[in-house]
Structures are given as C-alpha cells and as structure tokens.
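Structure first, commentary second.
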Amino acid sequence: MRFHKKIFQDFFDLLKPYRSDYDLPQNEIFYRTHTNRREVGPRGSPDGDSSDTVFIKKLQHALPEEVHAAVFTALFERYVKDDETVLAEELYMDISQLRSLVRNGMEIGGHGYSHIWLDRLARNDQEDEIRRTASFLATVYEHEPLDWVMDYPFGRHN
C-alpha cells in the first residue's frame with residue numbers, strides 16, 4: 001500500500017504544472033470522482049480491481065491527451081526500467097501465439113483495437129475502432145470471423 005501512495009504522490013506532483021491550464025480538480029476530489037462507488041464496492045470493482053487500480057485505469061481517459069501522455073511517460077520512465085517494446089513482447093501474446101490458441105480450439109475475441117472507451121468517440125470513430133478490431137481478429141484467424149466477441153474497454157459503450 002505504501003508503494004501505491006508513492007506512485008499517487010508522484011502522479012499528483014506531475015500534474016501540478018498542468019493544473020491552471022486544464023482546471024484539474026484537487027487531488028482528493030479527483031480520486032473520489034474516478035473511483036465511483038457504483039463501480040467500486042467494498043470488495044473492489046466487479047472485475048476485482050481495487051479502488052486504486054480503478055483510479056489508474058480511469059486516468060487513461062480522465063486527463064487531456066497531452067497531459068496524460070506527459071504524466072504517464074514520466075511515470076513509466078520512473079518506475080519501469082525496461083524498454084516499452086521489450087516489456088510488451090514479454091507481457092502480450094504475438095500473432096503466432098494467438099493463432100496457436102485458435103488451432104487448439106480456443107476462441108479469440110477483441111477488446112478494442114486501441115483500447116479506447118467507445119462512449120467517448122463519435123459514431124464514425126466507434127465504427128472504425130470496431131472495424132479495426134475485426135480486421136485484427138481476421139489476421140489472427142487467417143479469415144474473416146463470422147461470429148466474434150468484443151469486450152468493450154471498461155464496459156463503456158453507447
């Protein structure tokens with residue numbers, strides 16, 4: 001828990017230069033706003049995430065893009081010593097691994113091509129995001145999948 005506090009303190013310190021230009025709320029209000037009780041109960045979120053984890057996930061979309069990019073780049077450089085590409089190669093499956101799952105009877109679905117909350121996009125951008133997700137799945141399956149599942153990022157849709 002002490003580690004979370006350090007990361008959060010660093011996060012809020014990195015926000016300071018942007019507060020006046022972007023009218024960002026004070027730290028406690030910002031935290032409470034992005035750990036909504038309807039989504040985070042006493043045992044965490046419906047998918048088991050703690051309030052702190054929900055807060056970090058929601059920050060992907062709670063900040064203006066240029067602030068998000070600057071703050072999270074600084075946090076990544078501070079706390080993750082690996083190169084981003086190397087880290088992604090270690091953490092995520094590649095196409096050949098996904099194809100192996102399909103060959104062995106697993107179903108692969110989408111979680112969004114860019115992992116953008118769909119309710120934040122205009123309709124044509126939503127359609128593009130879904131189309132790109134389907135195209136990626138076609139690459140995995142090596143043909144257009146007839147029936148496929150998309151789990152909307154953070155359950156957001158309209």
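In the structure tokens, each chain is lettered A, B, ... as it comes, each chain's residues begin at 1, and ligands are numbered from 1 in order of appearance.
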
How close does range 1-110 of chain A get to range 126-149 of chain A? List, as CSV, each residue of range 1-110 of chain A within 10 Å, its nearest atom pair and the distance in Å to one decimal, counting only C-alpha atoms.
```
residue,atom,partner,partner_atom,distance
A:Asp94,CA,A:Val140,CA,9.4
A:Ile95,CA,A:Val140,CA,6.0
A:Ser96,CA,A:Val140,CA,8.0
A:Gln97,CA,A:Val140,CA,9.3
A:Leu98,CA,A:Val140,CA,6.4
A:Arg99,CA,A:Val140,CA,5.6
A:Ser100,CA,A:Val140,CA,9.3
A:Leu101,CA,A:Val140,CA,9.7
A:Val102,CA,A:Tyr141,CA,7.0
A:Arg103,CA,A:Tyr141,CA,8.9
A:Glu107,CA,A:Trp148,CA,8.3
A:Ile108,CA,A:Leu137,CA,7.5
A:Gly109,CA,A:Val149,CA,4.8
A:Gly110,CA,A:Thr133,CA,6.0
```

Next, write the just-selected residues to a file, as a short mmCIF file (atom, residue, chain, number, x, y, z; two decimals), in the first residue's frame, keeping N, CA and C atoms as the atom set.
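Full text of again_0.cif as output:
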```cif
data_model
loop_
_atom_site.label_atom_id
_atom_site.label_comp_id
_atom_site.auth_asym_id
_atom_site.auth_seq_id
_atom_site.Cartn_x
_atom_site.Cartn_y
_atom_site.Cartn_z
N ASP A 94 1.90 -12.70 -29.17
CA ASP A 94 2.04 -12.24 -30.54
C ASP A 94 1.06 -13.02 -31.43
N ILE A 95 1.03 -12.69 -32.71
CA ILE A 95 0.08 -13.31 -33.64
C ILE A 95 0.25 -14.83 -33.68
N SER A 96 1.48 -15.30 -33.73
CA SER A 96 1.69 -16.76 -33.82
C SER A 96 1.17 -17.47 -32.56
N GLN A 97 1.33 -16.85 -31.40
CA GLN A 97 0.80 -17.44 -30.17
C GLN A 97 -0.72 -17.45 -30.17
N LEU A 98 -1.33 -16.36 -30.64
CA LEU A 98 -2.79 -16.31 -30.73
C LEU A 98 -3.31 -17.35 -31.73
N ARG A 99 -2.62 -17.48 -32.86
CA ARG A 99 -3.03 -18.49 -33.85
C ARG A 99 -2.92 -19.90 -33.29
N SER A 100 -1.92 -20.13 -32.47
CA SER A 100 -1.77 -21.44 -31.82
C SER A 100 -2.97 -21.73 -30.92
N LEU A 101 -3.43 -20.72 -30.20
CA LEU A 101 -4.62 -20.90 -29.37
C LEU A 101 -5.82 -21.28 -30.23
N VAL A 102 -6.00 -20.58 -31.36
CA VAL A 102 -7.12 -20.86 -32.26
C VAL A 102 -7.02 -22.28 -32.80
N ARG A 103 -5.83 -22.68 -33.24
CA ARG A 103 -5.64 -24.05 -33.77
C ARG A 103 -5.98 -25.10 -32.72
N GLU A 107 -11.30 -19.72 -28.61
CA GLU A 107 -11.92 -18.60 -29.31
C GLU A 107 -11.20 -17.32 -28.87
N ILE A 108 -10.90 -16.46 -29.81
CA ILE A 108 -10.24 -15.20 -29.53
C ILE A 108 -11.22 -14.08 -29.87
N GLY A 109 -11.39 -13.15 -28.94
CA GLY A 109 -12.26 -12.00 -29.17
C GLY A 109 -11.46 -10.72 -29.09
N GLY A 110 -12.14 -9.62 -29.25
CA GLY A 110 -11.50 -8.31 -29.23
C GLY A 110 -11.78 -7.54 -27.97
#
```

(message) Would you pick out the contacts of Ala70 in chain A at 12 Å or less, using only C-alpha atoms, so that residues sharing its chain but fewer than 2 positions from it are not included, and give the list as a ChimeraX atom specification?
(response) /A:11,14-15,17-18,60,63-68,72-77

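Among the candidate residues A:Asn124, A:Thr85, A:Ser51, A:Asn158, the one lying nearest to Tyr31 in chain A is A:Ser51, with distances computed using only C-alpha atoms.
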
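Counting from CA of Met106 in chain A, the distance to CA of Val86 in chain A is 26.3 Å.
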
(message) Taking only C-alpha atoms into account, name the residue in A:Asp49, A:Phe55, A:His115, A:Met93 that is nearest to Asn27 in chain A.
(response) A:Phe55

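Of the residues listed (A:Val80, A:Leu91, A:Ile7, A:Ala69), A:Ile7 shows the shortest atom-to-atom separation from Ile56 in chain A; distances use only C-alpha atoms.
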